[in-house]
Amino acid sequence: MTQRRFSRDNPYTLKKIKIGVIAAAGKGTRAYPRTSFIPKPLFVIEGKSILHRNVELLYKTFGIEKVYILVGHLKEQILGEIENIRLHLPKVVIEPAEWTEKGLASDVASLAPFIKEPFITILGDEFYYKTDHEEFLRVLKKHPHMAASIGVVRTSLLSRIRKNYSVVLEKDKIINLVEKPEDPPNELLGLGSYYFSTKYFEYFEKTPPSSKSGVIEITDVIDKMAKETDEGVFATNLSCEYFNINSMQDYYQAIYEVRNDLFPKFKLSLVIPTNQNERSITDVIVDFKDKFHEIIVIDNESQDDTVNLSKKEKVKVISFPGEGDPKRLGEQVRKGIEASTGDIVVVVSPDASFRSKDFPKLLEYMKDSDMVIGTRTTRQMIEQGSNLKPLYRLVNLLMGKLVEVFWWGQEPRFTDVDCHYFSVWRDSYNQVRPNLVQEDRQFIVELMIEIVRSHMRCIEIPVSYFKPVGQIEYSLMDMIRDTYVIFKMIIAKKFFLGDNRDGE
């Protein structure tokens, strides 16, 4: 659906709406623990915060010239994002305004000294995808003197109405609003998008506090306007994907739906770090070849036929000047990721221990995650004769659980910290790249930790593990050394890095 932008030629335009209000002050306790660190309006969906998207919606749809943003919880972060939005939308004047801590109705009413004309209000934690908010202009043209209009969508999911509010109509005129109804009267879901005349401020003063919450509810103000004003309150029927971000699951659902819609447009890159893998590299490339837009073999100065065999399969080959040292694997993989061009980057080991049959699982979980990593701890999916001995699995499990404990508030779940089969969004990787320093195989757990520490989502899924071709025996001393390095890194990233991303 193409969004109709404001212009002088817009047939719906009767009078220009110059003022917008976005409520971005609440604590968002139902999305805890994330909202302890990041306010809900700053949750990012496809590269932009919800707040940024809603300012953009007001500007592009209505030609809004000035937006008041109500701020409160984690105020400094909101103010920082306002500066970012100003850079992208320089024609919009954005004014932060302090919240009243008495609810949305009071917050909006506090702007009465500054607003002397009709205005549009949007809740800062509501996300509209492919919306037709210009319908407000059609309703305004039909009812130019209306006191207010509220956005509604039709839904068969009554549970959504129970979380918001219901609307009872007489034609398109609203005759009753009910906050969080136990038994919704119809399939009309009331949204957090409103057109208000200055009558709002008058009727706010006439509305008593709710007996349930003890504060004046915005639905009660609108209900009173609908029943008492001659001008009336009317519904604006919207057609859009609507997401009220109450909880983290609401947020992940929004990310999933948008990415699922856009998924065919994303470019996929596969990175294979190689070193003396002539016996397996062809099989790996052929197995994955048809599933990616680009495959990059980044070779650590192999002395065998690895490079020639890779070039024969017509994939991109990059030489990594690592002198064949396997202890520089982390640096090698990072160089490969940074040389790739995909929106999603998948890394797989070159020894044929993983297969493309698990790739669709990674992709599906990438629709609502920042990173997806395999786990080799499901015994039924481990081929007999592989090098996954019980002690090795136990060590990986314990290190994964240590990460869980130290970042408990981020709710990670890990059972394997050394699986060389994972996928990551490029944008997410770029955010954590400055903090990645591990050169050896511990780069994997470091990347997992940094994704979690940055309040992003890393999901672990079971994958099949086959006997590696040319597998190197993993000695007890190697295991002890790696365990020590990982433990030391976890402690350092938790306690000694000097930033406050953990929020703890």
# chains A, B, ... in the order shown; residues from 1 in each chain; ligands from 1
>>> residues_around(residues="stretch 322-338 of chain A", least_positions_apart="2", cutoff="7 Å", atoms="only C-alpha atoms", output="JSON, numbers by chain")
{"A": [271, 273, 275, 296, 298, 300, 301, 302, 320, 340, 345, 438, 439, 440, 441, 443]}
>>> closest_atom_pairs(of="stretch 256-284 of chain A", to="stretch 414-433 of chain A", cutoff="12 Å", atoms="only C-alpha atoms", output="Markdown table")
| residue | atom | partner | partner_atom | distance |
| --- | --- | --- | --- | --- |
| A:Arg259 | CA | A:Trp425 | CA | 11.5 |
| A:Phe266 | CA | A:Trp425 | CA | 10.2 |
| A:Lys267 | CA | A:Arg426 | CA | 10.4 |
| A:Leu268 | CA | A:Trp425 | CA | 9.7 |
| A:Ser269 | CA | A:Ser423 | CA | 9.5 |
| A:Leu270 | CA | A:Ser423 | CA | 8.9 |
| A:Val271 | CA | A:Ser423 | CA | 9.9 |
| A:Ile272 | CA | A:Tyr421 | CA | 9.9 |
| A:Pro273 | CA | A:His420 | CA | 10.1 |
>>> closest_residue(among="A:Phe243, A:Phe119, A:Tyr365, A:Tyr200", to="A:Ala105", atoms="only C-alpha atoms")
A:Tyr200
>>> closest_residue(among="A:Asp223, A:Ser213, A:Arg34, A:Ser310", to="A:Val452", atoms="only C-alpha atoms")
A:Arg34
>>> atom_distance(atom1="atom CA of A:Val405", atom2="atom CA of A:Ile459")
15.9 Å
>>> select_by_dssp(residues="stretch 390-486 of chain A", states="strand (DSSP E or B)", output="VMD selection string")
chain A and resid 421 to 425 458 to 462 465
>>> atom_distance(atom1="atom CA of A:Val469", atom2="atom CA of A:Phe354")
10.8 Å
>>> select_by_dssp(residues="stretch 24-112 of chain A", states="helix (DSSP H, G or I)", output="PyMOL selection string")
chain A and resi 29-31+34-36+40-42+50-62+75-88+104-109
>>> closest_residue(among="A:Leu394, A:Ile19, A:Ile174, A:Ile449", to="A:Gly232", atoms="only C-alpha atoms")
A:Ile174
>>> residues_around(residues="A:Val221", least_positions_apart="6", cutoff="9 Å", atoms="only C-alpha atoms", output="short mmCIF file (atom, residue, chain, number, x, y, z; two decimals) with N, CA, C and O atoms, in the first residue's frame")
data_model
loop_
_atom_site.label_atom_id
_atom_site.label_comp_id
_atom_site.auth_asym_id
_atom_site.auth_seq_id
_atom_site.Cartn_x
_atom_site.Cartn_y
_atom_site.Cartn_z
N ALA A 105 -3.77 11.25 29.36
CA ALA A 105 -4.71 12.37 29.22
C ALA A 105 -4.13 13.64 29.82
O ALA A 105 -4.21 14.73 29.23
N TYR A 200 -10.61 19.32 23.27
CA TYR A 200 -10.02 18.31 24.15
C TYR A 200 -9.64 18.93 25.50
O TYR A 200 -9.94 18.35 26.56
N TYR A 203 -12.70 19.60 27.70
CA TYR A 203 -13.36 18.42 28.26
C TYR A 203 -12.46 17.63 29.19
O TYR A 203 -12.96 16.87 30.03
N PHE A 204 -11.18 17.79 29.06
CA PHE A 204 -10.28 17.20 30.06
C PHE A 204 -10.61 17.74 31.44
O PHE A 204 -10.65 16.99 32.43
N GLU A 205 -10.83 19.05 31.53
CA GLU A 205 -11.13 19.68 32.82
C GLU A 205 -12.47 19.19 33.39
O GLU A 205 -12.68 19.22 34.60
N LYS A 206 -13.36 18.71 32.52
CA LYS A 206 -14.68 18.26 32.97
C LYS A 206 -14.72 16.77 33.32
O LYS A 206 -15.72 16.28 33.84
N THR A 207 -13.64 16.04 33.00
CA THR A 207 -13.65 14.58 33.15
C THR A 207 -13.11 14.18 34.52
O THR A 207 -12.00 14.59 34.89
N PRO A 208 -13.85 13.38 35.28
CA PRO A 208 -13.36 12.94 36.60
C PRO A 208 -12.33 11.82 36.47
O PRO A 208 -12.29 11.12 35.45
#
>>> atom_distance(atom1="atom CA of A:Gln410", atom2="atom CA of A:Asp358")
26.2 Å
>>> residues_around(residues="A:Ile69", least_positions_apart="2", cutoff="7 Å", atoms="only C-alpha atoms", output="ChimeraX atom specification")
/A:21-24,67,71,95-97
>>> closest_residue(among="A:Lys130, A:Thr236, A:Gln384, A:Pro350", to="A:Thr282", atoms="only C-alpha atoms")
A:Pro350
>>> residues_around(residues="A:Val153", least_positions_apart="2", cutoff="12 Å", atoms="only C-alpha atoms", output="JSON, numbers by chain")
{"A": [128, 131, 132, 133, 135, 150, 151, 155, 156, 157, 158, 160, 161, 164, 165, 166, 167, 186, 187, 188, 189, 190, 191, 192, 193, 235, 236, 237, 238, 239, 240, 241, 242, 243]}
>>> closest_residue(among="A:Pro209, A:Tyr252, A:Glu182, A:His143", to="A:Asp230", atoms="only C-alpha atoms")
A:His143
